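These notes are about the structure you will find just below.
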Amino acid sequence: MKQFTVFLILILCQAYAFSQQYTLKGMVKKQNNEPTAFVYLRLLKQDSVLITQNVTDSLGTFAFKVEKGSYRLVLEQFGTELKNLEITVTADTLLEALIIDDVTGFDNVTVMARRKLVEQKVDRLVFHVEKSTAATGGNALDALKATPTVRVQNESISIAGKGQVLIMIDERIQRMPQEDLANFLKSIPADNIKSIEVITTPPAKYEAEGNSGIINIILKSAKANSWNANIGTSYTQRTYASGNVQGLFNYNYNKLSFQASVSKGKEKLLTSSDSRIFYAKELWQQAERNKSVTDLTSVNLGADYKLNKKWTSGVKYSGSFTNKNSANNPFTTRLNNITDIANAYIASAAVNRNKPEMHAVNWYHSFNIDSTGKNITVDFDYFNYRKDDNRSFSGNELDKNRHIITGTYFSSDNSNLNSIKNYSGKIDIALPNKWANISAGAKTSYTNTNNDLVVYDRKNGVPILNTEQSNVFNYKEYNQAIYFSMAKKLNEKWESQLGLRMEATQTTGFSGNLDETHKNDYIKLFPTAYVTYVPNDHHSFSLNYSRRIRRPDFDYLNPFVIRNNPYSYSDGNPYLKPSYIDNIEFSFIKDQKWVSNLYYSQVSDFGQMLSVTDPNTNITRTTPLNYANTYQVGISTYYNFNKWAWWNSFTGFNMNYQHVKSKTGLIASVHGYNGYIYTNNDFTLNGKKTVFAGVNYGLQLPGRYQIFNISTLHILDVSVKFLLSNKNLSLTITGEDLLKAQRPLISYYSNGIKNDIKSYSDTRGVRVSLSYKFGNNNIKVRSRDFGNDDIRSRSL
């Protein structure tokens, strides 16, 4: 009996030992230490029998309850296997951070090379540019044109249905006027871009700046224990020929990594615009043809050094140099509304020269506290922007027989030197814990911008300094920010994240000629909230809220007047206030292929440049105003079809309703609908995967955007790509805007007077590009960002 009892106890003990469960935990991160959500994990027995499965939360963490034994852990995302490793559990186990795309530090790990063209994450869409055919051989602006949900029209960048957004390069915001930003993006080769992230609801870590989210362009980084290089050239034929050459070099060995890239190109364009102003007695028609030549150069240098296992330091430099010359001859016809015969004409000629130059330096430190993901990063940034503008114009008014009217000659030379300097520092802390994942940080920055405008009146043939129009304007801005964010997985299906960012701003604007000083001082809170429900492996639901701010561009605040002709002038507005945006978005994701969003956005004190027409004097004044409160509600959806390996299709649409409630008598309250349909397609044309094709099409339906009515717009780009010489040589031929249909008619009412304009930006053409890569490409290492993200889109 005693022997039986002892035997029974041994059996029960053994059964308990085998049935006892232990906790297996871990975290999945990218090379840049960013936690990765929605990674599916399958835990298998050695005979490939599935034991359990899970998905990482918004901070990349996961946990299993398992019995003692040996297992195989498989990581997958969007149908692609990322890792496959063997583990043994004998007690509660905390794995080292699992780094996606980095196989060092693990045995028996397999990384699959195939990556999808598009990935949908909790708060962003990721477009892998290096997998796209259409973007090959172009520049960053071309890559944005090929990015799903992104629209590029007349070099203005927006998210379909959400308006203009801020642009980041490696998470540093580019704060510059729209034209200069477009030129800067043209200087970055698409072959140097790894991916583009479309972030519609940025978390508290990011600056609160930005109307409708952020687009983050991530450049390629060095490879571990290797070196690689890429050289390329492109030729584009539009009305005139343009060209570009570029090179990229990456080196990473042991503790040191180094990256360098340079691009040099020239672009020649012939753009046109035809505008009309419908006065009560006359119709003013202006035709303008603009010929421009732009030299573009960009340089990027970076180096990281791993001081020890926990401390990495690095420095990065980015420079952009542009020289643009343009000339145009605006001609205005004043037609009698009754007789339809010209009453008079206005003929003028203008020459513009500008040289924007940008330098940005970042000094970076990363401290890994432990293996659980606790991390501290520190950034110090210096940013210097300088732009030398020169404009000369002259003209006359003509009678109905096109004879010069005596005393109507006008002529002026304008020059403006704009300089912006920014100094900033920030710290970010990541503290993952068992009960919640915490992140916090702080930032401070100082910006000093100067405009020195000199105007010479030449209407008498001799240049005379116009002291009334010449002006010196200085603007200082101080910003301080702190943020806190907490994410918690409530159970296997529910998780949430709350964040709060506080930003304080102090500004001083001084006009030397007007002897006016304008100050502003405010503190604002910007909350964010995310709730996600994942009932199974095939479906996901999320509800997000964020509050954001859009601060005025620096040049918008300069109060001085710049005249173009006797009937047109522009000025700034020192009283311009920031706009505040509240965004709510509900998302549904099915099988990581079908993504739908319902969204609502409300803007208080909406502000932008507004052309105000005076019916009594026929003078048009262009000035920035906070002229409305707006809201929009809409739906967007897309489907990623990739059933067959040779065809990847990304098709979707956006429809929304917009309401603009005017705060001024200059503009009437308006409302209406708009819609946009698009399809991006990549094809693999042979079994060796050396011939590819891309077809991208977009259709803007007629509708309303803000105060503007916009007619139908078509976009069609077709490309073919060949891989030669063991796939090291790439030849790409791209037809852009083949329908030549990016010429919408835009109309609006100002002071009760109808205005419309139809412009064409010389977008139809053919691009031929060659790119050759060589070196040793093995393991990716992390890319790094600048810290002065919030200054560079309002000024540069």
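We label chains A, B, ... in the order they appear in the structure tokens, count residues from 1 in each chain, and number ligands from 1 in the order shown.
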Extract, using only C-alpha atoms, all DNA, RNA and protein residues at most 9 Å from segment 472-485 of chain A, discarding same-chain residues fewer than 5 positions from it, and format them as a PyMOL selection string. chain A and resi 203-205+207+437-454+497-513+528+554+557-560
Surrounding residues of Asp389 of chain A excluding itself and chain neighbours under 4 positions, 6 Å, only C-alpha atoms, as a list in words: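 Final neighbour list, sorted by chain and number: Arg353, Asn354, Ser415 and Asn416 of chain A.
One distance worth recording is that between atom CA of Leu125 of chain A and atom CA of Thr147 of chain A, which is 9.6 Å.
Residue nearest Tyr409 of chain A within the list A:Asn565, A:Asn183, A:Thr52, A:Ser320: A:Asn565 [criterion: smallest interatomic distance, only C-alpha atoms].
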Could you pull out all residues of segment 442-558 of chain A with a DSSP call of helix (DSSP H, G or I) and give them as a PDB file with C-alpha atoms, in the first residue's frame?
```pdb
ATOM      1  CA  PHE A 554       6.727  82.332 -41.262  1.00  0.00           C
ATOM      2  CA  ASP A 555       6.432  84.371 -44.473  1.00  0.00           C
ATOM      3  CA  TYR A 556       2.643  84.624 -43.993  1.00  0.00           C
ATOM      4  CA  LEU A 557       3.227  86.815 -40.918  1.00  0.00           C
TER       5      LEU A 557
END
```
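Across A:Val299, A:Met358, A:Leu85, A:Met27, the tightest approach to Asp57 of chain A is made by A:Met27 when counting only C-alpha atoms.
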Atom CA of Asn654 of chain A to atom CA of Tyr673 of chain A, straight-line distance in Å: 10.7 Å
In terms of only C-alpha atoms, the residue from A:Arg458, A:His539, A:Arg547, A:Lys661 at minimal distance from Ser596 of chain A is A:His539
Long-range neighbours of Lys493 of chain A as a list in words, 9 Å cut-off, only C-alpha atoms, 6 positions minimum in chain: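 Close residues of Lys493 of chain A: Thr532, Tyr533, Val534, Pro535 and Asn536 of chain A.
Comparing A:Lys255, A:Lys721, A:Lys758, A:Lys459 by their smallest distance to Leu770 of chain A, the closest is A:Lys721 (using only C-alpha atoms).
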Return the single residue from A:Thr763, A:Thr312, A:Asn84, A:Thr149 that is closest to Ile369 of chain A, with distances computed using only C-alpha atoms.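 Smallest distance to Ile369 of chain A is found for A:Thr312.
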Enumerate the residues of segment 391-593 of chain A with a DSSP assignment of strand (DSSP E), computed from the backbone, and present them as a PyMOL selection string. chain A and resi 391-399+410-432+437-457+464-465+471-489+494-511+516-533+539-550+561-565+568-571+579-590
Given the selection you just returned, output its residues as a file containing C-alpha atoms, formatted as a short mmCIF file (atom, residue, chain, number, x, y, z; two decimals), in the first residue's frame.
```cif
data_model
loop_
_atom_site.label_atom_id
_atom_site.label_comp_id
_atom_site.auth_asym_id
_atom_site.auth_seq_id
_atom_site.Cartn_x
_atom_site.Cartn_y
_atom_site.Cartn_z
CA ARG A 391 12.06 89.70 -59.17
CA SER A 392 11.90 92.29 -61.94
CA PHE A 393 8.69 93.21 -63.74
CA SER A 394 7.43 95.91 -66.09
CA GLY A 395 4.49 96.61 -68.34
CA ASN A 396 1.90 98.94 -69.78
CA GLU A 397 -1.83 99.31 -70.15
CA LEU A 398 -3.01 99.24 -73.77
CA ASP A 399 -6.13 100.66 -75.39
CA PHE A 410 4.99 100.39 -64.41
CA SER A 411 8.31 98.77 -63.49
CA SER A 412 9.95 97.55 -60.32
CA ASP A 413 12.88 95.50 -59.04
CA ASN A 414 12.30 93.53 -55.83
CA SER A 415 14.87 91.59 -53.83
CA ASN A 416 14.30 89.71 -50.60
CA LEU A 417 16.80 87.87 -48.44
CA ASN A 418 15.07 85.35 -46.22
CA SER A 419 17.03 83.51 -43.53
CA ILE A 420 15.84 81.08 -40.88
CA LYS A 421 17.84 79.54 -38.06
CA ASN A 422 16.54 76.95 -35.66
CA TYR A 423 18.11 75.35 -32.60
CA SER A 424 16.37 72.48 -30.84
CA GLY A 425 16.86 69.64 -28.40
CA LYS A 426 14.62 66.76 -27.44
CA ILE A 427 14.55 63.60 -25.34
CA ASP A 428 12.34 60.52 -25.80
CA ILE A 429 11.97 57.76 -23.23
CA ALA A 430 10.43 54.31 -23.84
CA LEU A 431 9.55 52.27 -20.71
CA PRO A 432 7.74 49.00 -21.53
CA ASN A 437 4.00 50.42 -21.95
CA ILE A 438 4.98 53.98 -21.15
CA SER A 439 6.61 56.59 -23.36
CA ALA A 440 7.40 60.19 -22.53
CA GLY A 441 9.54 63.03 -23.75
CA ALA A 442 10.23 66.73 -23.98
CA LYS A 443 11.45 69.21 -26.56
CA THR A 444 12.52 72.84 -26.74
CA SER A 445 13.31 74.91 -29.83
CA TYR A 446 14.10 78.48 -30.87
CA THR A 447 13.59 79.88 -34.35
CA ASN A 448 14.77 83.23 -35.69
CA THR A 449 13.64 84.29 -39.16
CA ASN A 450 14.56 87.48 -41.02
CA ASN A 451 13.20 89.02 -44.23
CA ASP A 452 15.03 91.94 -45.80
CA LEU A 453 12.90 93.28 -48.67
CA VAL A 454 14.29 95.99 -50.95
CA VAL A 455 12.10 97.54 -53.65
CA TYR A 456 13.28 99.85 -56.44
CA ASP A 457 10.72 101.75 -58.50
CA ILE A 464 14.64 104.79 -57.07
CA LEU A 465 14.50 103.16 -53.65
CA ASN A 471 10.94 96.49 -45.27
CA VAL A 472 12.85 94.48 -42.68
CA PHE A 473 10.80 91.87 -40.81
CA ASN A 474 12.06 89.77 -37.90
CA TYR A 475 10.14 86.90 -36.32
CA LYS A 476 11.18 84.94 -33.24
CA GLU A 477 9.42 81.83 -32.04
CA TYR A 478 10.05 79.76 -28.90
CA ASN A 479 8.43 76.35 -28.45
CA GLN A 480 8.43 74.00 -25.47
CA ALA A 481 6.67 70.63 -25.43
CA ILE A 482 6.25 67.63 -23.16
CA TYR A 483 4.29 64.46 -23.86
CA PHE A 484 3.18 61.28 -22.12
CA SER A 485 1.71 58.14 -23.65
CA MET A 486 0.53 54.85 -22.16
CA ALA A 487 -0.51 51.71 -24.04
CA LYS A 488 -2.07 48.67 -22.44
CA LYS A 489 -3.35 45.39 -23.77
CA TRP A 494 -8.73 44.62 -26.75
CA GLU A 495 -5.94 47.14 -26.42
CA SER A 496 -5.82 50.88 -25.90
CA GLN A 497 -3.42 53.79 -25.99
CA LEU A 498 -3.78 57.27 -24.49
CA GLY A 499 -1.48 60.19 -25.04
CA LEU A 500 -1.27 63.86 -24.11
CA ARG A 501 1.07 66.47 -25.52
CA MET A 502 1.39 70.01 -24.16
CA GLU A 503 2.99 72.70 -26.30
CA ALA A 504 3.80 76.26 -25.26
CA THR A 505 4.57 78.92 -27.89
CA GLN A 506 5.86 82.49 -27.60
CA THR A 507 6.25 84.65 -30.72
CA THR A 508 7.46 88.17 -31.49
CA GLY A 509 7.14 89.76 -34.93
CA PHE A 510 8.74 93.13 -35.76
CA SER A 511 8.29 95.18 -38.94
CA GLU A 516 5.21 97.53 -35.43
CA THR A 517 5.72 94.70 -32.94
CA HIS A 518 3.23 91.85 -32.54
CA LYS A 519 3.52 89.29 -29.73
CA ASN A 520 1.70 86.09 -28.98
CA ASP A 521 1.90 83.65 -26.06
CA TYR A 522 -0.21 80.51 -25.67
CA ILE A 523 -0.23 77.01 -24.17
CA LYS A 524 -2.31 74.24 -25.72
CA LEU A 525 -3.06 70.58 -24.98
CA PHE A 526 -3.19 67.94 -27.71
CA PRO A 527 -4.72 64.60 -26.63
CA THR A 528 -4.64 61.36 -28.62
CA ALA A 529 -6.57 58.15 -28.01
CA TYR A 530 -6.64 54.75 -29.73
CA VAL A 531 -8.84 51.72 -29.06
CA THR A 532 -8.32 48.52 -31.06
CA TYR A 533 -10.43 45.35 -31.10
CA HIS A 539 -10.53 41.20 -38.66
CA SER A 540 -9.50 44.32 -36.77
CA PHE A 541 -11.44 47.40 -35.64
CA SER A 542 -10.02 50.64 -34.26
CA LEU A 543 -11.27 54.04 -33.15
CA ASN A 544 -8.79 56.93 -33.03
CA TYR A 545 -8.92 60.57 -31.93
CA SER A 546 -6.31 63.28 -32.21
CA ARG A 547 -6.13 67.06 -31.85
CA ARG A 548 -3.61 68.99 -33.93
CA ILE A 549 -2.47 72.51 -34.74
CA ARG A 550 -1.47 74.30 -37.93
CA VAL A 561 3.07 94.79 -49.34
CA ILE A 562 4.56 93.34 -52.54
CA ARG A 563 3.08 94.67 -55.80
CA ASN A 564 3.04 92.72 -59.07
CA ASN A 565 1.25 95.32 -61.23
CA SER A 568 -2.48 93.00 -58.12
CA TYR A 569 -0.56 92.90 -54.85
CA SER A 570 0.07 90.62 -51.88
CA ASP A 571 0.78 91.18 -48.21
CA SER A 579 -5.75 76.65 -36.80
CA TYR A 580 -6.85 73.79 -34.55
CA ILE A 581 -7.96 70.44 -35.94
CA ASP A 582 -9.94 67.65 -34.26
CA ASN A 583 -9.85 64.28 -36.04
CA ILE A 584 -11.92 61.16 -35.34
CA GLU A 585 -11.39 58.02 -37.41
CA PHE A 586 -12.93 54.55 -37.31
CA SER A 587 -11.05 51.83 -39.20
CA PHE A 588 -11.90 48.30 -40.26
CA ILE A 589 -9.24 45.93 -41.56
CA LYS A 590 -9.96 42.51 -43.05
#
```
Selection near Lys316 of chain A, 10 Å with only C-alpha atoms, sequence-local residues under 6 positions removed, as a VMD selection string: chain A and resid 258 to 260 300 to 304 360 to 364 381 784 to 786
Next, the residues of the selection above should be written as a short mmCIF file (atom, residue, chain, number, x, y, z; two decimals), in the first residue's frame with N, CA and C atoms.
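Dumped everything to part-v2.cif:
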```cif
data_model
loop_
_atom_site.label_atom_id
_atom_site.label_comp_id
_atom_site.auth_asym_id
_atom_site.auth_seq_id
_atom_site.Cartn_x
_atom_site.Cartn_y
_atom_site.Cartn_z
N PHE A 258 28.40 54.24 -41.91
CA PHE A 258 28.54 55.51 -42.61
C PHE A 258 27.66 55.48 -43.85
N GLN A 259 27.00 56.61 -44.13
CA GLN A 259 26.16 56.71 -45.32
C GLN A 259 26.46 58.05 -46.01
N ALA A 260 26.44 58.04 -47.33
CA ALA A 260 26.64 59.26 -48.11
C ALA A 260 25.84 59.15 -49.39
N ASN A 300 23.71 64.25 -48.59
CA ASN A 300 23.38 63.67 -47.29
C ASN A 300 24.56 62.86 -46.78
N LEU A 301 24.96 63.12 -45.54
CA LEU A 301 26.06 62.40 -44.91
C LEU A 301 25.63 61.98 -43.51
N GLY A 302 26.03 60.78 -43.10
CA GLY A 302 25.69 60.32 -41.76
C GLY A 302 26.66 59.27 -41.26
N ALA A 303 26.89 59.27 -39.97
CA ALA A 303 27.77 58.28 -39.35
C ALA A 303 27.26 57.96 -37.95
N ASP A 304 27.24 56.67 -37.61
CA ASP A 304 26.89 56.19 -36.28
C ASP A 304 28.05 55.39 -35.72
N ALA A 360 21.15 71.20 -42.50
CA ALA A 360 20.60 70.64 -41.27
C ALA A 360 21.60 69.67 -40.67
N VAL A 361 21.86 69.81 -39.37
CA VAL A 361 22.81 68.94 -38.68
C VAL A 361 22.12 68.36 -37.45
N ASN A 362 22.28 67.06 -37.24
CA ASN A 362 21.71 66.38 -36.10
C ASN A 362 22.79 65.60 -35.35
N TRP A 363 22.81 65.74 -34.03
CA TRP A 363 23.69 64.95 -33.16
C TRP A 363 22.79 64.09 -32.28
N TYR A 364 23.02 62.79 -32.34
CA TYR A 364 22.06 61.83 -31.82
C TYR A 364 22.72 60.88 -30.83
N ASP A 381 19.76 69.55 -32.56
CA ASP A 381 19.64 69.89 -33.98
C ASP A 381 19.93 71.36 -34.25
N ARG A 784 18.12 56.76 -38.95
CA ARG A 784 18.05 57.69 -37.86
C ARG A 784 17.38 58.96 -38.30
N ASP A 785 16.79 59.70 -37.37
CA ASP A 785 16.02 60.88 -37.72
C ASP A 785 16.61 62.14 -37.11
N PHE A 786 16.18 63.28 -37.66
CA PHE A 786 16.51 64.57 -37.09
C PHE A 786 15.54 64.88 -35.97
#
```
Spatial neighbours of segment 759-761 of chain A, max dist 10 Å, only C-alpha atoms, sep filter under 6 positions, as number ranges by chain: A: 153-155, 269-275, 287-290, 740-746
Writer output for current selection, C-alpha atoms, as a PDB file, in the first residue's frame:
```pdb
ATOM      1  CA  GLN A 153      -1.299  67.965 -57.933  1.00  0.00           C
ATOM      2  CA  ASN A 154       0.628  70.991 -59.205  1.00  0.00           C
ATOM      3  CA  GLU A 155       3.371  69.919 -56.777  1.00  0.00           C
ATOM      4  CA  LEU A 269       9.617  73.270 -67.630  1.00  0.00           C
ATOM      5  CA  LEU A 270       7.037  75.223 -69.598  1.00  0.00           C
ATOM      6  CA  THR A 271       3.946  75.757 -67.451  1.00  0.00           C
ATOM      7  CA  SER A 272       0.791  77.675 -68.261  1.00  0.00           C
ATOM      8  CA  SER A 273      -2.259  79.177 -66.596  1.00  0.00           C
ATOM      9  CA  ASP A 274      -5.393  80.857 -67.875  1.00  0.00           C
ATOM     10  CA  SER A 275      -7.498  82.772 -65.381  1.00  0.00           C
ATOM     11  CA  ALA A 287      -2.976  84.150 -70.103  1.00  0.00           C
ATOM     12  CA  GLU A 288       0.434  83.322 -68.682  1.00  0.00           C
ATOM     13  CA  ARG A 289       3.220  81.050 -69.913  1.00  0.00           C
ATOM     14  CA  ASN A 290       6.143  80.470 -67.591  1.00  0.00           C
ATOM     15  CA  LYS A 740      -2.360  65.090 -70.440  1.00  0.00           C
ATOM     16  CA  ALA A 741      -5.452  65.505 -68.288  1.00  0.00           C
ATOM     17  CA  GLN A 742      -4.024  67.120 -65.147  1.00  0.00           C
ATOM     18  CA  ARG A 743      -5.560  70.462 -66.112  1.00  0.00           C
ATOM     19  CA  PRO A 744      -8.664  70.909 -63.947  1.00  0.00           C
ATOM     20  CA  LEU A 745     -10.778  74.053 -63.997  1.00  0.00           C
ATOM     21  CA  ILE A 746     -10.897  75.552 -60.482  1.00  0.00           C
TER      22      ILE A 746
END
```
